[in-house]
Each structure stands twice: as C-alpha cells, then as structure tokens.
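Listing of protein_27.cif; format and content: mmCIF, C-alpha atoms.
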```
data_structure
#
loop_
_atom_site.label_atom_id
_atom_site.label_comp_id
_atom_site.auth_asym_id
_atom_site.auth_seq_id
_atom_site.Cartn_x
_atom_site.Cartn_y
_atom_site.Cartn_z
CA MET A 1 -41.60 -2.84 14.82
CA THR A 2 -41.91 -2.71 11.02
CA GLN A 3 -38.62 -2.08 9.21
CA GLU A 4 -38.77 0.90 6.87
CA PHE A 5 -36.89 1.05 3.58
CA PRO A 6 -36.03 4.08 1.44
CA THR A 7 -38.57 4.64 -1.31
CA ILE A 8 -37.29 3.74 -4.79
CA GLY A 9 -38.59 6.05 -7.53
CA VAL A 10 -39.45 4.31 -10.81
CA LEU A 11 -39.98 5.67 -14.33
CA VAL A 12 -42.20 3.42 -16.51
CA VAL A 13 -41.42 3.55 -20.25
CA ASP A 14 -43.62 1.71 -22.78
CA ASP A 15 -45.56 2.77 -25.85
CA SER A 16 -48.60 0.79 -24.69
CA PRO A 17 -50.84 2.70 -22.22
CA THR A 18 -52.22 -0.66 -21.07
CA VAL A 19 -48.77 -2.03 -20.21
CA ARG A 20 -47.85 1.19 -18.43
CA ALA A 21 -51.07 1.02 -16.40
CA VAL A 22 -50.44 -2.57 -15.34
CA LEU A 23 -46.83 -1.87 -14.38
CA ARG A 24 -47.95 1.17 -12.43
CA ARG A 25 -50.51 -0.96 -10.58
CA LEU A 26 -47.89 -3.62 -9.74
CA ILE A 27 -45.52 -1.02 -8.35
CA ALA A 28 -48.27 0.80 -6.43
CA GLY A 29 -48.81 -2.35 -4.35
CA VAL A 30 -45.24 -2.36 -3.03
CA PRO A 31 -44.60 0.00 -0.07
CA ASP A 32 -40.99 0.88 -0.90
CA LEU A 33 -41.57 1.50 -4.63
CA LYS A 34 -43.18 4.57 -6.22
CA VAL A 35 -43.90 5.48 -9.84
CA LEU A 36 -42.52 8.98 -10.47
CA GLY A 37 -43.72 9.20 -14.06
CA GLU A 38 -44.42 7.53 -17.39
CA ALA A 39 -43.12 7.85 -20.94
CA GLY A 40 -44.56 6.54 -24.19
CA ASP A 41 -41.37 6.64 -26.27
CA GLY A 42 -37.62 6.83 -25.85
CA ALA A 43 -37.37 10.59 -26.34
CA GLN A 44 -39.88 11.17 -23.55
CA ALA A 45 -37.93 8.70 -21.42
CA VAL A 46 -34.74 10.74 -21.76
CA GLU A 47 -36.59 13.97 -20.95
CA GLN A 48 -38.39 12.46 -17.94
CA THR A 49 -35.17 10.92 -16.63
CA VAL A 50 -33.44 14.29 -16.59
CA ARG A 51 -36.48 16.03 -15.07
CA LEU A 52 -37.60 13.46 -12.48
CA ALA A 53 -34.27 11.77 -11.57
CA PRO A 54 -35.75 8.29 -11.01
CA ASP A 55 -33.80 5.61 -9.16
CA VAL A 56 -34.74 2.89 -11.68
CA ILE A 57 -36.23 2.87 -15.19
CA LEU A 58 -38.41 0.10 -16.68
CA MET A 59 -37.64 0.33 -20.41
CA ASP A 60 -39.51 -1.13 -23.38
CA ILE A 61 -37.49 -1.84 -26.55
CA GLU A 62 -39.76 -1.27 -29.56
CA MET A 63 -41.22 2.26 -29.38
CA PRO A 64 -41.88 5.15 -31.77
CA VAL A 65 -39.76 8.32 -32.08
CA MET A 66 -36.80 6.74 -30.25
CA ASP A 67 -36.50 3.05 -29.35
CA GLY A 68 -35.35 1.66 -26.02
CA LEU A 69 -31.83 0.94 -27.28
CA GLN A 70 -31.25 4.56 -28.32
CA ALA A 71 -32.91 5.83 -25.16
CA THR A 72 -30.65 3.68 -22.99
CA GLU A 73 -27.57 5.07 -24.70
CA ARG A 74 -28.79 8.66 -24.34
CA ILE A 75 -29.70 8.22 -20.68
CA MET A 76 -26.30 6.71 -19.88
CA ALA A 77 -24.67 9.70 -21.52
CA GLU A 78 -26.88 12.40 -19.95
CA ARG A 79 -27.95 11.02 -16.57
CA PRO A 80 -26.79 7.44 -15.89
CA THR A 81 -29.63 5.53 -14.24
CA PRO A 82 -30.20 1.81 -13.64
CA ILE A 83 -32.39 0.44 -16.44
CA LEU A 84 -34.39 -2.78 -16.45
CA VAL A 85 -35.31 -3.75 -20.00
CA VAL A 86 -38.83 -5.23 -20.17
CA THR A 87 -39.39 -7.05 -23.45
CA SER A 88 -41.17 -9.99 -25.07
CA ARG A 89 -39.60 -13.45 -25.02
CA ALA A 90 -41.57 -14.34 -28.16
CA ASN A 91 -39.74 -11.83 -30.37
CA ARG A 92 -36.17 -12.99 -31.05
CA ASN A 93 -35.17 -9.65 -32.55
CA GLN A 94 -36.30 -7.86 -29.39
CA ILE A 95 -34.33 -10.32 -27.24
CA LYS A 96 -31.17 -9.66 -29.25
CA THR A 97 -31.75 -5.91 -29.02
CA SER A 98 -32.27 -6.28 -25.27
CA PHE A 99 -28.79 -7.71 -24.86
CA GLU A 100 -27.43 -4.86 -26.94
CA ALA A 101 -29.09 -2.55 -24.40
CA LEU A 102 -27.10 -4.34 -21.69
CA ARG A 103 -23.96 -3.53 -23.66
CA ARG A 104 -24.97 0.13 -23.60
CA GLY A 105 -25.58 0.23 -19.85
CA ALA A 106 -28.85 -1.49 -18.89
CA VAL A 107 -28.47 -3.85 -15.93
CA GLU A 108 -30.99 -6.63 -16.52
CA VAL A 109 -33.66 -8.01 -18.87
CA LEU A 110 -37.15 -8.95 -17.68
CA PRO A 111 -39.88 -10.74 -19.66
CA LYS A 112 -42.96 -8.81 -20.72
CA PRO A 113 -45.84 -11.13 -19.70
CA GLU A 114 -48.03 -12.57 -22.43
CA ASP A 115 -50.83 -13.99 -20.25
CA PRO A 116 -52.40 -13.43 -16.80
CA ALA A 117 -50.13 -16.05 -15.19
CA GLY A 118 -47.10 -14.15 -16.48
CA TRP A 119 -48.33 -10.92 -14.93
CA ASP A 120 -48.93 -12.71 -11.62
CA LEU A 121 -45.34 -13.97 -11.69
CA LEU A 122 -44.00 -10.51 -12.56
CA ALA A 123 -45.85 -9.10 -9.55
CA HIS A 124 -43.52 -11.21 -7.38
CA THR A 125 -40.26 -10.83 -9.33
CA LEU A 126 -40.47 -7.15 -10.30
CA PRO A 127 -39.94 -5.66 -6.81
CA LEU A 128 -36.84 -7.83 -6.29
CA ALA A 129 -35.42 -6.78 -9.65
CA VAL A 130 -36.12 -3.09 -9.01
CA ARG A 131 -34.44 -3.23 -5.59
CA ALA A 132 -31.40 -4.96 -7.07
CA ALA A 133 -31.20 -2.42 -9.89
CA ALA A 134 -31.44 0.46 -7.42
CA GLN A 135 -28.17 -0.77 -5.88
CA ALA A 136 -26.40 -0.99 -9.22
CA ARG A 137 -23.57 1.18 -10.42
CA THR A 138 -24.65 2.86 -13.64
CA GLY A 139 -22.66 3.39 -16.80
CA ARG A 140 -20.05 0.96 -18.08
CA SER A 141 -16.82 1.19 -16.16
CA PRO A 142 -13.65 1.17 -18.27
CA ALA A 143 -12.64 -1.79 -16.11
CA LEU A 144 -15.32 -3.86 -17.85
CA ARG A 145 -13.71 -3.45 -21.22
CA PRO A 146 -11.72 -6.46 -22.42
CA GLN A 147 -8.03 -6.23 -21.58
CA ALA A 148 -5.27 -7.37 -23.88
CA ALA A 149 -4.20 -10.92 -23.17
CA GLY A 150 -0.57 -10.28 -24.02
CA PRO A 151 2.37 -11.17 -21.76
CA ASN A 152 3.03 -7.59 -20.64
CA GLY A 153 -0.40 -6.79 -19.15
CA ALA A 154 -1.05 -6.53 -15.43
CA ALA A 155 -3.02 -9.77 -15.39
CA GLY A 156 -0.22 -11.56 -17.23
CA ALA A 157 2.31 -10.39 -14.66
CA ARG A 158 0.13 -11.59 -11.79
CA ALA A 159 -0.29 -14.97 -13.46
CA THR A 160 3.46 -15.32 -13.87
CA ALA A 161 4.09 -14.48 -10.22
CA ILE A 162 1.20 -16.29 -8.52
CA PHE A 163 0.27 -19.22 -10.74
CA PRO A 164 3.47 -20.37 -12.46
CA SER A 165 2.50 -24.02 -13.06
CA LEU A 166 -1.30 -24.03 -12.93
CA ARG A 167 -3.32 -26.06 -15.44
CA VAL A 168 -6.91 -25.00 -16.18
CA ARG A 169 -9.17 -27.29 -18.23
CA TYR A 170 -12.52 -25.99 -16.95
CA VAL A 171 -13.61 -22.42 -16.25
CA ALA A 172 -16.84 -22.21 -14.22
CA ILE A 173 -18.53 -18.80 -14.11
CA GLY A 174 -21.37 -17.60 -11.90
CA ALA A 175 -23.10 -14.23 -12.45
CA SER A 176 -26.32 -12.36 -11.77
CA THR A 177 -27.29 -8.67 -12.08
CA GLY A 178 -24.92 -7.02 -14.56
CA GLY A 179 -23.55 -10.43 -15.49
CA PRO A 180 -24.26 -10.67 -19.24
CA TRP A 181 -21.92 -7.79 -20.09
CA ALA A 182 -19.30 -8.97 -17.55
CA VAL A 183 -19.37 -12.47 -19.09
CA HIS A 184 -19.03 -10.87 -22.53
CA ALA A 185 -16.01 -8.83 -21.38
CA LEU A 186 -14.32 -11.90 -19.86
CA LEU A 187 -14.88 -14.07 -22.94
CA SER A 188 -13.64 -11.27 -25.21
CA ALA A 189 -10.24 -11.41 -23.53
CA LEU A 190 -9.79 -15.17 -24.01
CA PRO A 191 -7.76 -16.56 -26.92
CA PRO A 192 -9.80 -17.66 -29.98
CA SER A 193 -9.51 -21.37 -29.12
CA PRO A 194 -8.85 -21.73 -25.39
CA PRO A 195 -7.73 -25.19 -24.21
CA ALA A 196 -10.61 -25.32 -21.73
CA THR A 197 -14.39 -25.55 -21.51
CA VAL A 198 -16.20 -22.49 -20.15
CA LEU A 199 -19.34 -23.24 -18.12
CA VAL A 200 -21.69 -20.38 -17.24
CA VAL A 201 -24.49 -20.02 -14.70
CA GLN A 202 -26.17 -16.67 -15.34
CA HIS A 203 -29.20 -15.75 -13.23
CA ILE A 204 -31.63 -14.56 -15.88
CA ALA A 205 -35.38 -14.69 -16.45
CA PRO A 206 -36.53 -18.03 -17.93
CA GLY A 207 -36.74 -17.82 -21.70
CA PHE A 208 -33.82 -15.43 -22.13
CA GLU A 209 -30.94 -17.86 -21.64
CA GLU A 210 -31.05 -19.04 -25.27
CA GLY A 211 -31.03 -15.42 -26.48
CA PHE A 212 -28.07 -14.77 -24.18
CA ALA A 213 -26.17 -17.68 -25.75
CA GLU A 214 -27.03 -16.55 -29.28
CA TRP A 215 -25.94 -12.97 -28.52
CA LEU A 216 -22.56 -14.11 -27.19
CA ALA A 217 -22.06 -16.53 -30.08
CA SER A 218 -22.82 -14.01 -32.80
CA ASP A 219 -20.99 -11.10 -31.17
CA LEU A 220 -17.86 -13.00 -30.14
CA HIS A 221 -17.77 -15.64 -32.92
CA ARG A 222 -17.41 -18.44 -30.39
CA ASP A 223 -19.14 -21.79 -29.91
CA VAL A 224 -21.67 -20.69 -27.28
CA ARG A 225 -24.78 -22.79 -26.66
CA LEU A 226 -27.07 -24.03 -23.93
CA ALA A 227 -25.60 -27.10 -22.23
CA ARG A 228 -27.11 -30.52 -22.99
CA ASP A 229 -27.33 -33.38 -20.51
CA GLY A 230 -24.57 -35.95 -21.10
CA GLU A 231 -22.55 -33.66 -23.38
CA ALA A 232 -18.77 -33.92 -23.28
CA ALA A 233 -17.05 -30.74 -22.12
CA ALA A 234 -15.01 -29.90 -25.21
CA PRO A 235 -12.12 -27.41 -25.15
CA GLY A 236 -12.89 -24.08 -26.80
CA THR A 237 -16.63 -24.27 -26.16
CA VAL A 238 -18.85 -22.15 -23.91
CA ARG A 239 -21.88 -23.84 -22.39
CA ILE A 240 -24.63 -21.99 -20.52
CA ALA A 241 -26.93 -23.54 -17.94
CA PRO A 242 -30.57 -23.64 -19.09
CA SER A 243 -33.40 -22.49 -16.85
CA GLY A 244 -34.66 -24.89 -14.20
CA ALA A 245 -31.66 -27.20 -13.89
CA HIS A 246 -28.26 -27.07 -12.23
CA LEU A 247 -25.24 -27.41 -14.52
CA ILE A 248 -22.99 -30.13 -13.07
CA LEU A 249 -19.47 -31.14 -14.16
CA GLU A 250 -18.75 -34.83 -13.61
CA ARG A 251 -15.49 -36.74 -13.63
CA GLY A 252 -14.25 -37.28 -17.14
CA GLY A 253 -15.63 -33.92 -18.24
CA VAL A 254 -19.27 -34.96 -18.73
CA LEU A 255 -21.93 -32.29 -18.28
CA ARG A 256 -25.14 -33.07 -16.45
CA LEU A 257 -28.34 -31.06 -16.09
CA ASP A 258 -29.87 -31.80 -12.70
CA ALA A 259 -33.37 -30.58 -11.86
CA VAL A 260 -33.53 -32.72 -8.68
CA ARG A 261 -30.24 -32.02 -6.86
CA SER A 262 -30.70 -30.23 -3.53
CA ASN A 263 -30.57 -26.48 -3.89
CA ARG A 264 -28.46 -24.36 -1.52
CA SER A 265 -29.92 -21.14 -2.89
CA VAL A 266 -33.17 -19.88 -4.36
CA HIS A 267 -31.63 -20.11 -7.81
CA ARG A 268 -31.91 -22.99 -10.27
CA PRO A 269 -29.39 -23.07 -11.89
CA SER A 270 -27.10 -22.14 -9.02
CA ALA A 271 -23.46 -21.05 -9.15
CA ASP A 272 -22.90 -22.91 -5.87
CA GLU A 273 -23.88 -26.22 -7.46
CA LEU A 274 -21.61 -25.66 -10.47
CA PHE A 275 -18.61 -24.76 -8.30
CA LEU A 276 -19.26 -27.65 -5.88
CA SER A 277 -19.38 -30.11 -8.77
CA CYS A 278 -16.01 -28.81 -10.00
CA ALA A 279 -14.60 -29.20 -6.48
CA GLU A 280 -15.88 -32.79 -6.33
CA SER A 281 -14.88 -33.92 -9.82
CA ASN A 282 -11.98 -31.88 -11.24
CA PRO A 283 -10.69 -29.46 -8.57
CA THR A 284 -7.04 -29.02 -9.52
CA VAL A 285 -7.79 -28.24 -13.18
CA SER A 286 -10.80 -25.97 -12.56
CA ALA A 287 -11.03 -22.20 -12.21
CA GLY A 288 -14.12 -20.77 -10.53
CA VAL A 289 -15.08 -17.19 -11.39
CA LEU A 290 -17.77 -15.26 -9.52
CA LEU A 291 -18.96 -12.10 -11.24
CA THR A 292 -21.29 -9.22 -10.38
CA GLY A 293 -24.65 -9.97 -8.80
CA MET A 294 -26.96 -9.52 -5.83
CA GLY A 295 -27.01 -12.04 -2.99
CA SER A 296 -24.53 -14.75 -2.04
CA ASP A 297 -24.97 -17.56 -4.57
CA GLY A 298 -21.56 -19.03 -5.42
CA ALA A 299 -19.69 -18.16 -2.21
CA GLU A 300 -20.07 -21.61 -0.63
CA GLY A 301 -19.15 -23.48 -3.80
CA LEU A 302 -16.21 -21.23 -4.57
CA ALA A 303 -14.85 -21.78 -1.04
CA ALA A 304 -15.11 -25.54 -1.52
CA LEU A 305 -13.28 -25.29 -4.84
CA ARG A 306 -10.48 -23.27 -3.26
CA ARG A 307 -10.08 -25.79 -0.42
CA ALA A 308 -9.92 -28.59 -3.00
CA GLY A 309 -7.03 -26.91 -4.86
CA GLY A 310 -8.81 -25.00 -7.62
CA LEU A 311 -8.17 -21.44 -8.76
CA THR A 312 -10.86 -19.06 -7.47
CA ILE A 313 -11.43 -15.55 -8.82
CA ALA A 314 -13.99 -12.84 -8.11
CA GLN A 315 -14.85 -9.66 -9.95
CA ASP A 316 -13.49 -6.63 -8.12
CA GLU A 317 -15.75 -4.02 -6.56
CA PRO A 318 -15.07 -1.03 -8.87
CA SER A 319 -16.09 -2.96 -11.99
CA SER A 320 -19.12 -4.77 -10.47
CA VAL A 321 -22.61 -3.50 -11.20
CA VAL A 322 -23.70 -5.09 -7.90
CA PHE A 323 -20.91 -6.30 -5.60
CA GLY A 324 -23.09 -8.68 -3.53
CA MET A 325 -21.98 -12.09 -4.80
CA PRO A 326 -18.26 -11.26 -5.09
CA ARG A 327 -18.34 -9.60 -1.66
CA ALA A 328 -19.92 -12.69 -0.07
CA ALA A 329 -17.20 -14.88 -1.60
CA LEU A 330 -14.43 -12.56 -0.40
CA GLU A 331 -15.87 -12.49 3.12
CA ALA A 332 -16.02 -16.31 3.09
CA GLY A 333 -12.32 -16.54 2.24
CA ALA A 334 -13.19 -18.17 -1.08
CA VAL A 335 -11.25 -15.87 -3.42
CA THR A 336 -7.65 -16.18 -4.56
CA ILE A 337 -7.62 -12.95 -6.57
CA ALA A 338 -10.13 -10.20 -7.54
CA LEU A 339 -9.97 -8.48 -10.94
CA PRO A 340 -12.19 -6.78 -13.54
CA PRO A 341 -13.72 -9.23 -16.05
CA GLY A 342 -11.37 -8.32 -18.90
CA GLU A 343 -8.35 -8.89 -16.68
CA ILE A 344 -9.77 -12.22 -15.51
CA GLY A 345 -9.84 -13.31 -19.15
CA ALA A 346 -6.30 -12.03 -19.66
CA LEU A 347 -5.15 -13.90 -16.55
CA LEU A 348 -6.57 -17.17 -17.86
CA ALA A 349 -5.02 -16.54 -21.27
CA ARG A 350 -1.59 -16.06 -19.67
CA ILE A 351 -1.97 -19.23 -17.60
CA TRP A 352 -2.70 -21.21 -20.76
CA GLU A 353 0.18 -19.55 -22.58
CA ARG A 354 2.62 -20.59 -19.85
CA SER A 355 1.24 -24.14 -19.69
CA VAL A 356 2.27 -24.81 -23.30
CA SER A 357 5.53 -22.83 -23.30
#
```

Could you express the structure from this file as structure tokens?
Amino acid sequence: MTQEFPTIGVLVVDDSPTVRAVLRRLIAGVPDLKVLGEAGDGAQAVEQTVRLAPDVILMDIEMPVMDGLQATERIMAERPTPILVVTSRANRNQIKTSFEALRRGAVEVLPKPEDPAGWDLLAHTLPLAVRAAAQARTGRSPALRPQAAGPNGAAGARATAIFPSLRVRYVAIGASTGGPWAVHALLSALPPSPPATVLVVQHIAPGFEEGFAEWLASDLHRDVRLARDGEAAAPGTVRIAPSGAHLILERGGVLRLDAVRSNRSVHRPSADELFLSCAESNPTVSAGVLLTGMGSDGAEGLAALRRAGGLTIAQDEPSSVVFGMPRAALEAGAVTIALPPGEIGALLARIWERSVS
C-alpha cells in the first residue's frame, strides 16, 4: 500500500518568469507538493500569501516594487508563513541580504541554480527543504532573543545550582533548519571575549557557509570564520565547518577537517562527528549544544559526550523552528538541560563567570 502524505501548498515568488516556470515544473513532479500561485514581486507575494494561505513560500531576494527582505517582514507581520529564500551564491550582497531575511523570519536559504547541473540537484533537494519548512514554526519567538548574561537571570541561577564547578573550554554547536538565527541568538548572549572556542556545524546549502560566517562576524563583531585544517582552537573565536568535511576537535585543541571519516548521517559536516570528537578528545571541558533542525543528526554524538562527562544542552521546543534534532537528543537521554538559545548563551556566560571568581 502506498503511503499518502498531506499536500503542501507552495507559493513561488521570483521576478523572472523563467525561474518561476522551472520551479513550478520541479514542484509539479512531486506528489505531495502543489503550486498554489506565483508572484513577480514582493508586494504581490504579500497579497497572494493572504489570499491563498500557502504552507510554504519560495522567495527571491532582488525584485521590483518590494524586495524579498521587505516581503518577508510584511508576511511575518500579516500572515506568518514558512519562507525558503532562493538566491544566487554568486552575489555576495544577495547572500548577506538572505541572512537578514532569516533574522526577519525566513527559515532557510537555498541556492538559485546557475547551470543545468544545479537545477538537477535542486530537483532532489527542494522537496526535502519544502517538507522541512512546512513543519516549521513561523515568526520569531521572543525566546529566541538574546537573554542578558547577568548573574540574576534564570540561566545564571540554573548554572549556579547545577554546574557550580564546571569548566568549559570548547562549545560545540549543531544546527539545521532555523539554525542560523538560533546560532546568532546564542552568540549574542556570550561575553565579548569568552574563554572558549565555539565550533559550529550548521546544515546549509554548499556555498552559503562563508556568507553565514561573514554575516555573524559583521553583525556580532566577533572573530567568526570558516575552520581551517590544523588550526589551533583559540579562545574567543568562532569557527564554522565548511561544506563537504567534518569538523573534528583533536587533543590539544587542534581542529581537523575530515572528508574521509565515516559518516553516521547523511550530512557532511555532521553534528554527530563534532560531538563525538569532543567526547574522544576533551570531554570534561566541552559543552555540546544541539539547536533547531529536522532529523536526528547530533543525538548520538551528544549522548556520547554526556557519558564522557561533558555538558550537553538542547534548544527547547517552544523556541525551536523545527524540534526534530533536539527531540531526538532528548529521547536518547543525551541532554542535561534544554533552554532557548539566548538562555544557553547566558548559561555559558555564568559558568565562565563562576570559573574565574
């Protein structure tokens, strides 16, 4: 018997009729997806969203009348709907604007293909992204906003009670759908020069990870870059796994990029591999953090880190765009505490404050 899935209604927004036609054709070939309508600019997108009530919107960035950034903000105010930004990897300004759209409520960024091979790849990845977006909570929850890292906050109190003598030199973060803004919120709550290295595995389309690093660096005024093989993990820095290689922490705080290591998930880089490397090399001074995302990547590695004596944290359900990855970790018994991203940052800040007091 063939399993039936609810049909997901999609609104296609792009100022190019050709791009709209190709996206429509890709969606038409997927049984559980259906194009409800099209829009050629942001103003039409807002109007069509209110009229058609789509489940997911594919949103271009550069458009006449109203661009995708403004349209995203309007839609989140008038009828919150999961938005997948579809933009060119070749235009750095568009990439930066795409991450601003995530700040305003979009859930993920997808590459706009530039050749036939790219369109063939999108034909495989687009349905997965649309299904994940359809499960997403829309609109930014207040719980995603950075929390004060002062001693009187809720996270500070929990740190005092639960982790009185913990030392954290490495913070390993795994995230997927909804992750860029959650990572931003967590980093915003950290002190300006934390005494630890932050390592990030963010599931994102190849070609966008450098734009993600640049967006965080410019917006937060922190040292955020793509990790380099053999680099020393320096306190106060944030290093992001590049596409196609696992980010591994070795003994002595050396970072390795491993494109050969066995993969426990479909993702490369994988949060599991990052957490497992922390469990193997520096467990008692590592904190593993699993943020919003679809699937189960990170649950196995986070469980190993907890067994080895590390601090393990998951994003809580109310603040997650998609609760899949945190839920899998909670069900595996891998999580010490679950909090919104801002409170996770405040918790870490309080731990560091106590370690030097």

Please compute the atom CA of A:Ala303-atom CA of A:Leu257 distance, one decimal, in Å.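 Atom-to-atom, atom CA of A:Ala303 to atom CA of A:Leu257, that is 22.2 Å.
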
field: Selection result for the PyMOL selection byres ((chain A and resi 270-279) around 10) on this file, as a VMD selection string
entry: chain A and resid 170 to 176 199 to 203 241 244 to 251 253 258 261 to 269 280 to 290 296 to 310 312

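Between atom CA of A:Thr125 and atom CA of A:Thr81 lies a distance of 20.1 Å.
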
Worksheet item: Which polymer residues have any atom within 7 Å of an atom of A:Asp55, counting all atoms listed in the file, with same-chain residues fewer than 5 positions away left out, as a list in words?
Response: Ile8, Gly9, Val10, Thr81, Pro82 and Ala134 of chain A

Got time to write the residues from that selection, C-alpha atoms, as a short mmCIF file (atom, residue, chain, number, x, y, z; two decimals), in the coordinates of the input?
```
data_model
loop_
_atom_site.label_atom_id
_atom_site.label_comp_id
_atom_site.auth_asym_id
_atom_site.auth_seq_id
_atom_site.Cartn_x
_atom_site.Cartn_y
_atom_site.Cartn_z
CA ILE A 8 -37.29 3.74 -4.79
CA GLY A 9 -38.59 6.05 -7.53
CA VAL A 10 -39.45 4.31 -10.81
CA THR A 81 -29.63 5.53 -14.24
CA PRO A 82 -30.20 1.81 -13.64
CA ALA A 134 -31.44 0.46 -7.42
#
```

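The two atoms in question, atom CA of A:Leu311 and atom CA of A:Leu348, are spaced 10.2 Å apart.
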
8 Å contact set for A:Ala182, all atoms listed in the file, chain neighbours under 4 positions out, as a compact mmCIF listing (two decimals) with C-alpha atoms, in the coordinates of the input:
```txt
# COMPACT_ATOMS: atom_id res chain seq x y z
CA LEU A 144 -15.32 -3.86 -17.85
CA GLY A 178 -24.92 -7.02 -14.56
CA LEU A 186 -14.32 -11.90 -19.86
CA LEU A 291 -18.96 -12.10 -11.24
CA THR A 292 -21.29 -9.22 -10.38
CA PRO A 341 -13.72 -9.23 -16.05
```

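The residue set within 7 Å of A:Gly40, counting all atoms listed in the file and dropping same-chain residues fewer than 2 places from it, reads Val13, Asp14, Asp15, Glu38 and Gln44 of chain A.
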
Env of A:Ala234: 10 Å cut, atoms = all atoms listed in the file, seq-sep filter 4 positions within chain, self excluded. Answer as a compact mmCIF listing (two decimals) with C-alpha atoms, keeping the file's coordinate frame.
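Final file, result03.txt:
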```txt
# COMPACT_ATOMS: atom_id res chain seq x y z
CA ARG A 169 -9.17 -27.29 -18.23
CA TYR A 170 -12.52 -25.99 -16.95
CA PRO A 195 -7.73 -25.19 -24.21
CA ALA A 196 -10.61 -25.32 -21.73
CA THR A 197 -14.39 -25.55 -21.51
CA VAL A 198 -16.20 -22.49 -20.15
CA VAL A 238 -18.85 -22.15 -23.91
CA ARG A 239 -21.88 -23.84 -22.39
CA GLY A 253 -15.63 -33.92 -18.24
CA VAL A 254 -19.27 -34.96 -18.73
```

| Which residues come within 10 Å of stretch 108-115 of chain A, counting all atoms listed in the file, excluding same-chain residues fewer than 3 positions away, as a ChimeraX atom specification? | /A:19,58-60,82-90,95,98-99,101-102,105,118-122,125-126,129-130,132-133,176-181,203-208

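Here the question is which of A:Ser243, A:Ser16, A:Ser188, A:Gln135 gets nearest to A:His221 using only C-alpha atoms, and that residue is A:Ser188.
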
Discussion item. Evaluate the PyMOL selection byres ((chain A and resi 32) around 7) against this structure - the residues, as a list in words, please.
Written reply: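 Evaluating the PyMOL selection byres ((chain A and resi 32) around 7) on this file yields Phe5, Pro6, Thr7, Ile8, Val30, Pro31, Leu33 and Lys34 of chain A.
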
What would stretch 192-203 of chain A look like with N, CA and C atoms in place, written as a CSV table (one decimal), in the coordinates of the input?
```csv
chain,number,residue,atom,x,y,z
A,192,PRO,N,-8.7,-17.2,-29.1
A,192,PRO,CA,-9.8,-17.7,-30.0
A,192,PRO,C,-10.2,-19.1,-29.7
A,193,SER,N,-9.2,-20.0,-29.4
A,193,SER,CA,-9.5,-21.4,-29.1
A,193,SER,C,-8.9,-21.8,-27.8
A,194,PRO,N,-9.5,-21.4,-26.7
A,194,PRO,CA,-8.8,-21.7,-25.4
A,194,PRO,C,-8.8,-23.2,-25.1
A,195,PRO,N,-7.8,-23.7,-24.5
A,195,PRO,CA,-7.7,-25.2,-24.2
A,195,PRO,C,-8.6,-25.6,-23.0
A,196,ALA,N,-9.8,-25.1,-22.9
A,196,ALA,CA,-10.6,-25.3,-21.7
A,196,ALA,C,-12.1,-25.1,-22.1
A,197,THR,N,-12.9,-25.8,-21.4
A,197,THR,CA,-14.4,-25.6,-21.5
A,197,THR,C,-14.8,-24.5,-20.5
A,198,VAL,N,-15.7,-23.5,-21.0
A,198,VAL,CA,-16.2,-22.5,-20.2
A,198,VAL,C,-17.7,-22.8,-19.9
A,199,LEU,N,-18.0,-22.9,-18.6
A,199,LEU,CA,-19.3,-23.2,-18.1
A,199,LEU,C,-19.9,-22.0,-17.4
A,200,VAL,N,-21.1,-21.6,-17.8
A,200,VAL,CA,-21.7,-20.4,-17.2
A,200,VAL,C,-23.0,-20.6,-16.6
A,201,VAL,N,-23.2,-20.2,-15.4
A,201,VAL,CA,-24.5,-20.0,-14.7
A,201,VAL,C,-24.8,-18.5,-14.6
A,202,GLN,N,-25.8,-18.1,-15.4
A,202,GLN,CA,-26.2,-16.7,-15.3
A,202,GLN,C,-27.6,-16.6,-14.8
A,203,HIS,N,-27.8,-15.9,-13.7
A,203,HIS,CA,-29.2,-15.8,-13.2
A,203,HIS,C,-29.9,-14.8,-14.2
```
